[in-house]
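Colleague: Handing over my_file.txt, compact mmCIF, C-alpha atoms.
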# COMPACT_ATOMS: atom_id res chain seq x y z
CA MET N 1 -4.80 39.48 -105.89
CA ARG N 2 -3.83 36.14 -107.32
CA LYS N 3 -0.23 36.57 -106.16
CA MET N 4 -1.44 37.48 -102.69
CA ARG N 5 -3.57 34.33 -102.54
CA TRP N 6 -0.62 32.08 -103.44
CA PHE N 7 1.52 33.83 -100.85
CA PHE N 8 -0.92 33.08 -98.02
CA LEU N 9 -1.31 29.47 -99.17
CA MET N 10 2.45 28.94 -99.00
CA ILE N 11 2.61 30.43 -95.49
CA GLY N 12 -0.24 28.12 -94.30
CA ALA N 13 1.40 25.05 -95.79
CA ALA N 14 4.70 25.87 -94.10
CA PHE N 15 2.94 26.32 -90.70
CA ILE N 16 1.09 23.00 -90.97
CA GLY N 17 4.31 21.21 -91.93
CA GLY N 18 6.18 22.67 -88.96
CA VAL N 19 3.46 21.60 -86.53
CA TRP N 20 3.43 18.08 -87.96
CA PHE N 21 7.24 17.80 -87.72
CA TYR N 22 7.27 19.01 -84.07
CA PHE N 23 4.66 16.55 -82.78
CA HIS N 24 6.12 13.68 -84.75
CA HIS N 25 9.57 14.30 -83.25
CA GLN N 26 8.18 14.54 -79.65
CA ARG N 27 6.27 11.28 -80.05
CA SER N 28 9.38 9.44 -81.21
CA ALA N 29 11.42 10.79 -78.30
CA THR N 30 8.69 9.83 -75.83
CA GLU N 31 8.45 6.31 -77.19
CA GLN N 32 12.22 5.91 -76.94
CA GLY N 33 12.20 7.13 -73.32
CA VAL N 34 9.36 4.80 -72.34
CA SER N 35 11.13 1.89 -74.00
CA ALA N 36 14.39 2.66 -72.17
CA GLU N 37 12.60 3.05 -68.84
CA GLY N 38 10.79 -0.24 -69.32
CA SER N 39 14.08 -1.95 -70.10
CA ALA N 40 15.67 -0.50 -66.97
CA LYS N 41 12.73 -1.64 -64.82
CA GLN N 42 12.84 -5.11 -66.32
CA SER N 43 16.56 -5.34 -65.71
CA GLY N 44 16.05 -4.09 -62.14
CA ARG N 45 13.37 -6.71 -61.51
CA ALA N 46 15.60 -9.35 -62.97
CA GLY N 47 18.41 -8.43 -60.54
CA ALA N 48 16.14 -8.25 -57.45
CA GLY N 49 15.83 -12.02 -57.18
CA GLY N 50 19.40 -12.56 -55.96
CA PRO N 51 20.38 -13.41 -52.33
CA VAL N 52 20.09 -10.66 -49.74
CA PRO N 53 23.39 -9.71 -48.00
CA VAL N 54 23.06 -10.01 -44.21
CA VAL N 55 25.29 -10.16 -41.14
CA ALA N 56 24.84 -13.26 -39.01
CA ALA N 57 25.63 -14.42 -35.48
CA VAL N 58 25.43 -17.76 -33.71
CA VAL N 59 23.15 -18.55 -30.76
CA GLN N 60 25.44 -19.32 -27.81
CA LYS N 61 25.13 -20.60 -24.25
CA GLN N 62 26.64 -18.73 -21.33
CA ASP N 63 25.93 -17.71 -17.75
CA VAL N 64 23.79 -14.57 -17.70
CA PRO N 65 23.18 -12.42 -14.59
CA ILE N 66 19.55 -11.45 -14.01
CA TYR N 67 19.14 -7.82 -12.95
CA LEU N 68 16.22 -5.78 -11.70
CA ASP N 69 16.57 -2.07 -12.49
CA GLY N 70 15.12 0.75 -10.40
CA ILE N 71 15.51 4.45 -9.73
CA GLY N 72 16.68 5.59 -6.31
CA THR N 73 17.89 8.46 -4.19
CA VAL N 74 21.10 8.59 -2.20
CA GLN N 75 20.62 9.13 1.53
CA ALA N 76 23.21 9.72 4.23
CA TYR N 77 23.76 6.69 6.45
CA ASN N 78 23.29 8.97 9.47
CA THR N 79 22.22 12.61 9.61
CA VAL N 80 22.12 14.82 12.70
CA SER N 81 21.37 18.47 13.33
CA VAL N 82 23.72 19.59 16.08
CA HIS N 83 21.82 21.54 18.77
CA PRO N 84 23.29 22.86 22.04
CA GLN N 85 21.80 21.09 25.04
CA ILE N 86 22.26 24.11 27.34
CA SER N 87 22.00 27.86 26.99
CA GLY N 88 24.99 30.15 26.96
CA THR N 89 27.41 32.20 24.91
CA LEU N 90 29.23 30.43 22.11
CA THR N 91 32.86 31.15 22.95
CA LYS N 92 34.58 28.92 20.38
CA VAL N 93 33.83 27.25 17.04
CA ALA N 94 36.39 24.51 16.47
CA PHE N 95 35.33 23.14 13.05
CA GLN N 96 35.46 24.33 9.46
CA GLU N 97 32.59 24.12 7.02
CA GLY N 98 32.87 20.94 4.96
CA GLN N 99 35.36 19.40 7.38
CA ASP N 100 35.44 15.65 7.97
CA LEU N 101 35.08 14.88 11.66
CA LYS N 102 35.74 11.81 13.74
CA LYS N 103 33.47 10.70 16.53
CA GLY N 104 34.28 12.71 19.69
CA ASP N 105 36.08 15.58 17.91
CA LEU N 106 35.51 18.98 19.56
CA MET N 107 33.19 21.18 17.53
CA ALA N 108 32.30 24.16 19.73
CA VAL N 109 32.53 25.48 23.30
CA ILE N 110 29.82 27.28 25.31
CA ASP N 111 30.87 29.54 28.21
CA PRO N 112 31.45 26.98 31.02
CA ARG N 113 31.79 29.37 33.98
CA PRO N 114 28.16 29.32 35.21
CA TYR N 115 28.05 25.55 35.03
CA GLN N 116 31.43 25.17 36.72
CA ALA N 117 30.16 27.34 39.59
CA ALA N 118 27.04 25.19 39.91
CA LEU N 119 29.21 22.10 40.13
CA ASP N 120 31.42 23.61 42.79
CA GLY N 121 28.33 24.54 44.85
CA ALA N 122 26.97 21.02 44.59
CA ILE N 123 30.29 19.57 45.76
CA ALA N 124 30.40 21.98 48.72
CA LYS N 125 26.84 21.07 49.71
CA LYS N 126 27.73 17.41 49.70
CA ASN N 127 30.78 17.98 51.89
CA GLN N 128 28.60 19.89 54.37
CA ASP N 129 26.05 17.12 54.54
CA ILE N 130 28.78 14.49 54.89
CA ALA N 131 30.11 16.34 57.95
CA GLN N 132 26.64 16.37 59.51
CA LEU N 133 26.24 12.69 58.70
CA ASN N 134 29.55 11.82 60.42
CA ASN N 135 28.52 13.73 63.53
CA ALA N 136 25.17 11.98 63.59
CA LYS N 137 26.84 8.61 63.25
CA ALA N 138 29.18 9.36 66.17
CA LEU N 139 26.20 10.31 68.38
CA LEU N 140 24.37 7.17 67.28
CA ASP N 141 27.31 4.99 68.36
CA ARG N 142 27.32 6.61 71.81
CA ASP N 143 23.53 6.36 72.17
CA THR N 144 23.66 2.73 71.16
CA GLU N 145 25.96 1.89 74.11
CA LEU N 146 23.75 3.85 76.50
CA PHE N 147 20.62 2.16 75.13
CA LYS N 148 22.10 -1.28 75.70
CA LYS N 149 22.91 -0.38 79.31
CA GLY N 150 19.40 0.97 79.82
CA ALA N 151 20.62 4.51 80.43
CA LEU N 152 18.82 5.90 77.33
CA ASP N 153 15.16 5.63 76.51
CA HIS N 154 13.99 3.97 73.33
CA GLN N 155 12.54 7.16 71.75
CA SER N 156 15.80 9.11 71.91
CA TYR N 157 17.68 6.18 70.44
CA ASP N 158 15.25 5.86 67.49
CA THR N 159 15.37 9.60 66.82
CA GLN N 160 19.15 9.56 66.50
CA ARG N 161 19.08 6.45 64.29
CA PHE N 162 16.56 7.98 61.89
CA LEU N 163 18.57 11.21 61.76
CA VAL N 164 21.56 9.24 60.48
CA ASP N 165 19.39 7.67 57.75
CA GLN N 166 18.08 11.11 56.78
CA LEU N 167 21.53 12.63 56.47
CA ASP N 168 22.72 9.60 54.51
CA ALA N 169 19.93 10.19 51.99
CA THR N 170 20.82 13.86 51.84
CA VAL N 171 24.40 12.99 50.92
CA LYS N 172 23.16 10.73 48.14
CA ALA N 173 20.96 13.56 46.83
CA ASP N 174 23.97 15.82 46.91
CA GLN N 175 25.87 13.28 44.80
CA ALA N 176 23.03 13.25 42.28
CA ALA N 177 23.19 17.05 42.12
CA ILE N 178 26.94 16.84 41.50
CA ASP N 179 26.39 14.34 38.68
CA ASN N 180 23.80 16.61 37.10
CA ALA N 181 26.12 19.63 37.39
CA GLN N 182 28.93 17.65 35.82
CA THR N 183 26.64 16.64 32.95
CA GLN N 184 25.59 20.23 32.37
CA LEU N 185 29.23 21.27 32.41
CA SER N 186 30.09 18.58 29.84
CA TYR N 187 27.46 20.03 27.53
CA THR N 188 29.55 23.18 27.26
CA GLN N 189 31.81 21.22 24.89
CA ILE N 190 29.95 20.09 21.78
CA VAL N 191 31.54 17.03 20.14
CA ALA N 192 30.85 15.07 16.93
CA PRO N 193 28.37 12.22 17.52
CA PHE N 194 29.81 10.06 14.70
CA ASP N 195 32.21 10.13 11.77
CA GLY N 196 30.82 12.52 9.19
CA ARG N 197 31.14 15.71 7.22
CA CYS N 198 30.05 19.16 8.36
CA GLY N 199 27.69 21.25 6.32
CA ILE N 200 27.33 25.02 6.35
CA ARG N 201 27.76 26.64 9.77
CA GLN N 202 24.57 28.28 11.02
CA MET N 203 25.80 29.90 14.26
CA ASP N 204 28.89 32.04 14.69
CA GLU N 205 31.16 32.54 17.65
CA GLY N 206 29.84 35.07 20.18
CA ASN N 207 26.14 34.26 19.70
CA TYR N 208 23.92 33.31 22.61
CA VAL N 209 22.64 29.83 21.89
CA THR N 210 19.79 27.81 23.34
CA PRO N 211 18.69 24.19 22.94
CA GLY N 212 16.55 25.38 20.01
CA SER N 213 19.53 26.73 18.09
CA THR N 214 21.07 24.72 15.23
CA LEU N 215 24.84 24.86 15.01
CA VAL N 216 25.48 22.68 11.92
CA VAL N 217 24.25 19.54 10.14
CA ILE N 218 26.53 16.50 10.01
CA THR N 219 26.03 13.70 7.48
CA GLN N 220 27.75 10.35 7.42
CA LEU N 221 29.03 9.61 3.90
CA LYS N 222 31.02 6.43 4.54
CA PRO N 223 29.06 4.19 4.35
CA ILE N 224 26.04 5.64 2.56
CA SER N 225 22.59 4.36 1.56
CA VAL N 226 20.45 4.32 -1.55
CA VAL N 227 16.67 3.97 -1.34
CA PHE N 228 15.14 2.73 -4.60
CA THR N 229 11.86 1.27 -5.79
CA LEU N 230 10.89 -1.78 -7.82
CA PRO N 231 7.51 -2.89 -9.20
CA GLN N 232 5.49 -5.02 -6.83
CA GLN N 233 5.64 -7.88 -9.34
CA ASP N 234 9.34 -8.31 -8.49
CA LEU N 235 8.78 -8.61 -4.72
CA LEU N 236 8.43 -12.40 -4.62
CA GLN N 237 11.58 -12.92 -6.69
CA VAL N 238 13.56 -10.54 -4.50
CA ASN N 239 12.37 -12.09 -1.23
CA GLN N 240 13.19 -15.60 -2.43
CA ALA N 241 16.71 -14.54 -3.41
CA PHE N 242 17.18 -12.41 -0.26
CA THR N 243 16.55 -15.39 2.03
CA LYS N 244 19.47 -17.23 0.45
CA GLY N 245 22.06 -14.54 1.22
CA PRO N 246 23.14 -10.95 0.60
CA LEU N 247 22.21 -9.52 -2.79
CA LYS N 248 24.55 -7.29 -4.77
CA VAL N 249 23.33 -3.84 -5.79
CA THR N 250 25.17 -1.59 -8.25
CA ALA N 251 24.61 2.17 -8.34
CA LEU N 252 24.85 3.71 -11.84
CA ASP N 253 24.84 7.32 -12.98
CA SER N 254 21.92 8.92 -14.81
CA THR N 255 23.14 7.58 -18.17
CA GLN N 256 23.13 4.00 -16.83
CA THR N 257 26.60 3.47 -18.27
CA THR N 258 29.03 4.38 -15.47
CA PRO N 259 28.98 2.29 -12.26
CA LEU N 260 29.46 4.46 -9.18
CA ASP N 261 29.75 1.86 -6.42
CA ASP N 262 28.80 -1.68 -5.45
CA GLY N 263 26.88 -2.45 -2.28
CA THR N 264 24.47 -4.92 -0.72
CA LEU N 265 20.74 -4.93 -0.16
CA ALA N 266 20.00 -4.03 3.47
CA VAL N 267 16.23 -4.08 3.84
CA VAL N 268 13.00 -4.57 1.92
CA ASP N 269 10.20 -2.30 3.09
CA ASN N 270 7.36 -3.94 5.01
CA GLN N 271 4.57 -2.62 2.80
CA ILE N 272 3.80 -1.76 -0.83
CA ASP N 273 2.97 1.79 -1.85
CA THR N 274 -0.65 1.48 -2.97
CA THR N 275 -0.54 4.73 -4.98
CA THR N 276 2.31 3.58 -7.25
CA GLY N 277 2.31 -0.19 -6.89
CA THR N 278 6.01 -0.20 -5.98
CA ILE N 279 8.06 -1.49 -3.07
CA LYS N 280 10.91 0.44 -1.44
CA MET N 281 14.30 -1.13 -0.84
CA LYS N 282 17.44 0.14 0.83
CA ALA N 283 21.02 -0.75 -0.03
CA ASN N 284 24.24 0.24 1.70
CA PHE N 285 27.44 1.20 -0.12
CA PRO N 286 30.99 1.71 1.26
CA ASN N 287 31.36 4.87 -0.86
CA LYS N 288 35.13 4.98 -0.44
CA ASP N 289 35.61 7.36 -3.37
CA LEU N 290 32.62 9.57 -2.41
CA LYS N 291 30.98 9.06 -5.80
CA LEU N 292 27.59 8.90 -4.10
CA TRP N 293 26.23 12.08 -2.51
CA PRO N 294 23.11 12.61 -0.39
CA GLY N 295 20.13 13.71 -2.46
CA GLU N 296 21.59 12.41 -5.75
CA PHE N 297 19.32 10.50 -8.15
CA VAL N 298 20.91 7.24 -9.31
CA ASN N 299 19.93 4.10 -11.17
CA SER N 300 20.17 0.90 -9.15
CA ARG N 301 20.74 -2.62 -10.46
CA LEU N 302 19.82 -5.49 -8.15
CA LEU N 303 21.39 -8.85 -9.00
CA VAL N 304 18.80 -11.45 -8.01
CA SER N 305 20.18 -14.57 -9.74
CA THR N 306 22.36 -15.94 -12.54
CA ARG N 307 20.92 -17.96 -15.41
CA ARG N 308 23.25 -20.90 -16.02
CA ASP N 309 23.83 -21.87 -19.67
CA GLY N 310 21.34 -19.33 -20.96
CA LEU N 311 20.83 -18.81 -24.69
CA VAL N 312 22.11 -15.39 -25.76
CA VAL N 313 22.17 -13.49 -29.06
CA PRO N 314 23.20 -9.93 -29.96
CA ALA N 315 20.48 -7.43 -29.14
CA PRO N 316 19.95 -6.32 -32.81
CA VAL N 317 18.71 -9.84 -33.58
CA ILE N 318 15.49 -9.13 -31.70
CA GLN N 319 12.82 -7.47 -33.85
CA ARG N 320 9.31 -6.35 -32.98
CA GLY N 321 6.35 -6.60 -35.29
CA PRO N 322 2.54 -6.53 -35.20
CA ASN N 323 2.45 -10.14 -33.98
CA GLY N 324 5.10 -9.72 -31.28
CA VAL N 325 8.83 -10.32 -30.94
CA TYR N 326 10.62 -12.34 -33.60
CA ALA N 327 14.03 -13.09 -35.08
CA TYR N 328 15.26 -14.16 -38.51
CA VAL N 329 16.95 -17.57 -38.46
CA ILE N 330 19.15 -18.70 -41.34
CA SER N 331 18.21 -22.24 -42.36
CA GLN N 332 20.60 -24.82 -43.74
CA ASN N 333 19.59 -23.99 -47.32
CA LYS N 334 20.55 -20.33 -46.73
CA THR N 335 17.03 -18.95 -46.55
CA ALA N 336 15.54 -16.64 -43.93
CA GLU N 337 12.98 -18.02 -41.48
CA MET N 338 10.93 -15.65 -39.33
CA ARG N 339 10.58 -17.24 -35.90
CA PRO N 340 8.74 -15.89 -32.84
CA VAL N 341 10.87 -15.77 -29.69
CA GLN N 342 10.43 -15.00 -26.00
CA VAL N 343 13.03 -12.67 -24.45
CA ALA N 344 13.85 -12.73 -20.73
CA GLN N 345 15.95 -9.56 -20.73
CA ILE N 346 18.12 -7.37 -22.94
CA ASP N 347 21.22 -6.02 -21.23
CA GLY N 348 24.73 -5.05 -22.24
CA GLY N 349 24.04 -5.53 -25.95
CA GLN N 350 22.90 -9.12 -25.44
CA ALA N 351 19.43 -10.65 -25.36
CA LEU N 352 18.62 -13.63 -23.13
CA ILE N 353 16.23 -15.99 -24.92
CA ASP N 354 13.64 -18.05 -23.05
CA SER N 355 12.29 -19.93 -26.09
CA GLY N 356 12.27 -19.89 -29.88
CA LEU N 357 15.97 -20.45 -30.62
CA GLN N 358 18.47 -23.26 -30.17
CA GLU N 359 22.18 -23.30 -29.53
CA GLY N 360 24.29 -23.16 -32.69
CA GLU N 361 21.62 -21.66 -34.96
CA GLN N 362 22.56 -18.72 -37.14
CA VAL N 363 20.49 -15.57 -36.72
CA VAL N 364 20.49 -12.27 -38.65
CA THR N 365 21.94 -9.28 -36.82
CA ASP N 366 21.82 -6.78 -39.70
CA GLY N 367 19.91 -6.62 -42.98
CA GLN N 368 16.47 -7.67 -41.65
CA TYR N 369 14.80 -4.75 -43.43
CA LYS N 370 15.34 -6.49 -46.80
CA LEU N 371 14.17 -9.92 -45.67
CA GLN N 372 10.93 -11.78 -46.01
CA PRO N 373 10.21 -15.35 -44.90
CA GLY N 374 11.91 -17.65 -47.36
CA SER N 375 14.24 -15.02 -48.85
CA PRO N 376 17.65 -16.38 -49.92
CA VAL N 377 20.49 -14.80 -47.96
CA GLN N 378 24.21 -14.29 -48.37
CA ILE N 379 26.27 -13.92 -45.19
CA VAL N 380 28.76 -11.06 -45.41
CA THR N 381 31.48 -9.87 -43.07
CA PRO N 382 30.73 -6.65 -41.15
CA ASN N 383 33.12 -3.77 -41.64
CA GLN N 384 33.46 -3.36 -37.87
CA PRO N 385 33.63 -6.81 -36.26
CA GLY N 386 32.39 -7.02 -32.68
CA LYS N 387 30.48 -3.71 -32.76
CA GLY N 388 26.98 -4.90 -33.46
CA GLY N 389 27.43 -6.38 -36.95
CA ARG N 390 26.90 -3.63 -39.55
CA LEU N 391 26.97 -4.34 -43.26
CA SER N 392 30.00 -3.13 -45.18
CA GLN N 393 29.64 0.10 -47.15
CA ALA N 394 29.62 -1.79 -50.46
CA ASP N 395 26.59 -3.82 -49.32
CA GLU N 396 24.89 -0.94 -47.59
CA THR N 397 25.12 1.78 -50.34
CA PRO N 398 22.92 1.14 -53.40
CA ALA N 399 24.26 1.50 -56.92
CA PRO N 400 23.03 4.72 -58.60
CA ASP N 401 20.08 4.34 -60.96
CA GLN N 402 20.72 5.44 -64.56
CA ASN N 403 18.28 6.28 -67.32
CA ALA N 404 18.63 5.44 -70.99
CA ALA N 405 20.66 8.58 -71.62
CA GLY N 406 23.29 7.51 -69.01
CA LYS N 407 22.41 10.24 -66.48
CA GLN N 408 22.06 9.78 -62.72
CA SER N 409 18.64 9.40 -61.21
CA PRO N 410 17.23 12.68 -59.87
CA LEU N 411 16.76 10.93 -56.46
CA GLN N 412 20.53 10.89 -55.88
CA ASP N 413 23.22 13.49 -55.89
CA GLY N 414 26.77 13.03 -57.03
CA SER N 415 27.81 11.37 -53.74
CA GLY N 416 25.13 8.68 -53.91
CA HIS N 417 23.05 10.24 -51.10
CA ARG N 418 19.32 10.36 -51.40
CA GLN N 419 17.73 13.73 -52.02
CA ARG N 420 14.35 14.96 -50.80
CA HIS N 421 11.36 16.04 -52.88
CA ALA N 422 10.18 19.61 -52.82
CA SER N 423 7.49 18.60 -50.33
CA GLY N 424 10.21 17.56 -47.85
CA SER N 425 9.44 13.83 -47.89
CA GLU N 426 12.24 11.41 -48.65
CA GLN N 427 11.94 9.09 -51.63
CA PRO N 428 12.07 5.46 -50.40
CA ASP N 429 14.96 3.45 -51.70
CA ALA N 430 14.85 -0.33 -51.46
CA ASN N 431 18.65 -0.64 -51.60
CA SER N 432 19.52 1.77 -48.79
CA SER N 433 20.50 0.41 -45.39
CA PRO N 434 19.05 2.24 -42.36
CA ALA N 435 20.80 1.81 -39.06
CA LEU N 436 19.34 -0.94 -36.88
CA SER N 437 18.37 0.17 -33.39
CA THR N 438 18.99 -2.07 -30.42
CA GLN N 439 15.71 -3.42 -29.14
CA GLY N 440 14.81 -3.16 -25.52
Please lay out the structure from this file as structure tokens.
Modeller:
Amino acid sequence: MRKMRWFFLMIGAAFIGGVWFYFHHQRSATEQGVSAEGSAKQSGRAGAGGPVPVVAAVVQKQDVPIYLDGIGTVQAYNTVSVHPQISGTLTKVAFQEGQDLKKGDLMAVIDPRPYQAALDGAIAKKNQDIAQLNNAKALLDRDTELFKKGALDHQSYDTQRFLVDQLDATVKADQAAIDNAQTQLSYTQIVAPFDGRCGIRQMDEGNYVTPGSTLVVITQLKPISVVFTLPQQDLLQVNQAFTKGPLKVTALDSTQTTPLDDGTLAVVDNQIDTTTGTIKMKANFPNKDLKLWPGEFVNSRLLVSTRRDGLVVPAPVIQRGPNGVYAYVISQNKTAEMRPVQVAQIDGGQALIDSGLQEGEQVVTDGQYKLQPGSPVQIVTPNQPGKGGRLSQADETPAPDQNAAGKQSPLQDGSGHRQRHASGSEQPDANSSPALSTQG
């Protein structure tokens, strides 16, 4: 029994010693890790006070065109549905679908025989009445001589004179009938009313057509029109510019990047649409390359004026915040100054400034996300000059964080890219450089 007691005491002592050794070792390791992490944080805070790398640009003066943008629809300059003006059998179709026609070109022929016969009858009737008129005139000449000699009474003379007038009127009516018959006969040949392009044929040769039948639709494509709308607030500016001369209008595709054609403003509508608060305008385009097509939706750009010696900066300079639009200006002591600005327009990668900046000042085009008012800055050269001013990869990619053991931070993989947490959210990184979007 005594040996058994000592055996259990030795086992208990060994267990207590093992537990003490384990917790003591874990505490030491934890203290070392906390100390290393605190050192890393202190060193990180010590390095965060340096200048912020940014890309800068200079405020410049230049002539800037002022555009008003709207959405419009292409319309044919002229559109006509070709209807026969008489009834008859369609004996010939002289055009092809999609064919370009010139004014006066023959398109179709209706059986002319009935109308030719009517014309011949009208001509014969006139000749008959002319013969009667000549006979009546000859009798009137003879009666006039007898009336002067007193051999003919006054009533007989007047009767013959009025008969001549009646036959003369009949001949004129016959001429009118001939003209009408000739017109009807001319309608048997259907010709193009203007230069245009044929659509899909709707009547085939051999059909009996009437004035209610539609043969084809012709649209004039050269020139062509675009009807677009602008907000009613722009009406006064447009009218003032329109009184000074023709205004240039550019038609762009749906992406607003490819110009299709240049034209001129033709008319401003005489009333505002009360349901939308917009005003319609119509512009005409030569459309030599047929880039504009009836029914097509296009973007229109109306040039109303040109700002002489306007202040311009790259579009990425303009930032928007809770208090409005602002830009970071680099002062002479190389610190960032947040300054509110007023922007007239942003177009073509450039912003036109109404107030807030002066010519020759340096402004930040990239790196604003790191800046605060008064932050020291260091101007760096972008890796792609002239393409919006992006920071170089060395300035844009943060150095990997390392712990005391020399391992990479779990927020980065081997390529330096940030990883996501299991929840799917991305860990914020103060040294990363997100792409700047162009404002406006």
Colleague: Residues within 8 Å of Phe194 in chain N, please, as number ranges by chain. Count all atoms listed in the file; anything in the same chain fewer than 5 positions from it doesn't count.
Modeller: N: 101-104, 220
Colleague: What does the distance between CA of Leu146 in chain N and CA of Asp165 in chain N come to in Å, to one decimal place?
Modeller: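 A separation of 19.6 Å between them.
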Colleague: Leaving out Thr183 in chain N and any residue of its chain fewer than 3 positions from it, which residues lie within 12 Å of it when counting all atoms listed in the file, given as a compact mmCIF listing (two decimals) with C-alpha atoms, keeping the file's coordinate frame?
Modeller:
# COMPACT_ATOMS: atom_id res chain seq x y z
CA GLN N 85 21.80 21.09 25.04
CA ILE N 86 22.26 24.11 27.34
CA PRO N 112 31.45 26.98 31.02
CA TYR N 115 28.05 25.55 35.03
CA GLN N 116 31.43 25.17 36.72
CA ALA N 118 27.04 25.19 39.91
CA LEU N 119 29.21 22.10 40.13
CA ALA N 176 23.03 13.25 42.28
CA ALA N 177 23.19 17.05 42.12
CA ILE N 178 26.94 16.84 41.50
CA ASP N 179 26.39 14.34 38.68
CA ASN N 180 23.80 16.61 37.10
CA SER N 186 30.09 18.58 29.84
CA TYR N 187 27.46 20.03 27.53
CA THR N 188 29.55 23.18 27.26
CA GLN N 189 31.81 21.22 24.89
Colleague: Quick one, how far is CA of Phe285 in chain N from CA of Ala351 in chain N?
Modeller: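 Here the two named atoms are 29.0 Å from each other.
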Colleague: Separation of CA of Thr243 in chain N and CA of Phe228 in chain N, in Å?
Modeller: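 Taking CA of Thr243 in chain N and CA of Phe228 in chain N, their separation equals 19.3 Å.
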Colleague: Determine, using all atoms listed in the file, which residues of range 288-392 of chain N have any atom at most 12 Å from an atom of range 66-80 of chain N, and tabulate each with its shortest atom pair and distance in Å to one decimal place, rows ordered by chain and then rising number, as CSV.
Modeller:
residue,atom,partner,partner_atom,distance
N:Leu290,CA,N:Ala76,CA,11.5
N:Lys291,CA,N:Val74,CA,10.5
N:Leu292,CA,N:Val74,CA,6.8
N:Trp293,CA,N:Val74,CA,6.2
N:Pro294,CA,N:Gln75,CA,4.7
N:Gly295,CA,N:Val74,CA,5.2
N:Glu296,CA,N:Val74,CA,5.2
N:Phe297,CA,N:Thr73,CA,4.7
N:Val298,CA,N:Gly72,CA,5.4
N:Asn299,CA,N:Ile71,CA,4.7
N:Ser300,CA,N:Gly70,CA,5.2
N:Arg301,CA,N:Asp69,CA,4.7
N:Leu302,CA,N:Leu68,CA,5.1
N:Leu303,CA,N:Tyr67,CA,4.7
N:Val304,CA,N:Ile66,CA,6.0
N:Ser305,CA,N:Ile66,CA,5.3
N:Thr306,CA,N:Ile66,CA,5.5
N:Arg307,CA,N:Ile66,CA,6.8
N:Arg308,CA,N:Ile66,CA,10.3
N:Gly310,CA,N:Ile66,CA,10.7
N:Ala344,CA,N:Ile66,CA,8.9
N:Gln345,CA,N:Ile66,CA,7.9
N:Ile346,CA,N:Ile66,CA,9.9
N:Asp347,CA,N:Tyr67,CA,8.7
N:Gly348,CA,N:Tyr67,CA,11.2
N:Ala351,CA,N:Ile66,CA,11.4
N:Leu352,CA,N:Ile66,CA,9.4
Colleague: Between N:Leu230, N:Lys61, N:Glu359, N:Ile318, which one has atoms that come closest to Val341 in chain N, using only C-alpha atoms?
Modeller: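 Of N:Leu230, N:Lys61, N:Glu359, N:Ile318, the one nearest Val341 in chain N, counting only C-alpha atoms, is N:Ile318.
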Colleague: With distances taken over only C-alpha atoms, which residue among N:Thr210, N:Ile330, N:Ile224, N:Asp269 lies nearest Asn239 in chain N?
Modeller: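 That would be N:Asp269, the residue with the smallest distance to Asn239 in chain N.
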Colleague: Under the rule that all atoms listed in the file are counted, which of N:Asp63, N:Glu205, N:Glu337, N:Asp129 is the nearest residue to Leu90 in chain N?
Modeller: N:Glu205
Colleague: For range 130-144 of chain N, please output as number ranges by chain all residues within 9 Å (counting all atoms listed in the file; exclusion window: fewer than 6 positions along the same chain).
Modeller: N: 151-152, 156-157, 160-161, 163-168, 170-171
Colleague: Write a file of the just-selected residues containing C-alpha atoms, as a compact mmCIF listing (two decimals), keeping the file's coordinate frame.
Modeller:
# COMPACT_ATOMS: atom_id res chain seq x y z
CA ALA N 151 20.62 4.51 80.43
CA LEU N 152 18.82 5.90 77.33
CA SER N 156 15.80 9.11 71.91
CA TYR N 157 17.68 6.18 70.44
CA GLN N 160 19.15 9.56 66.50
CA ARG N 161 19.08 6.45 64.29
CA LEU N 163 18.57 11.21 61.76
CA VAL N 164 21.56 9.24 60.48
CA ASP N 165 19.39 7.67 57.75
CA GLN N 166 18.08 11.11 56.78
CA LEU N 167 21.53 12.63 56.47
CA ASP N 168 22.72 9.60 54.51
CA THR N 170 20.82 13.86 51.84
CA VAL N 171 24.40 12.99 50.92
Colleague: For Val109 in chain N, list every protein, DNA or RNA residue within 12 Å, evaluated using only C-alpha atoms, and leave out those in the same chain fewer than 2 positions away; present the list as JSON, numbers by chain.
Modeller: {"N": [84, 85, 86, 87, 88, 89, 90, 91, 92, 93, 94, 95, 105, 106, 107, 111, 112, 113, 185, 186, 187, 188, 189, 190, 191, 204, 205, 206, 207, 208, 209, 215]}
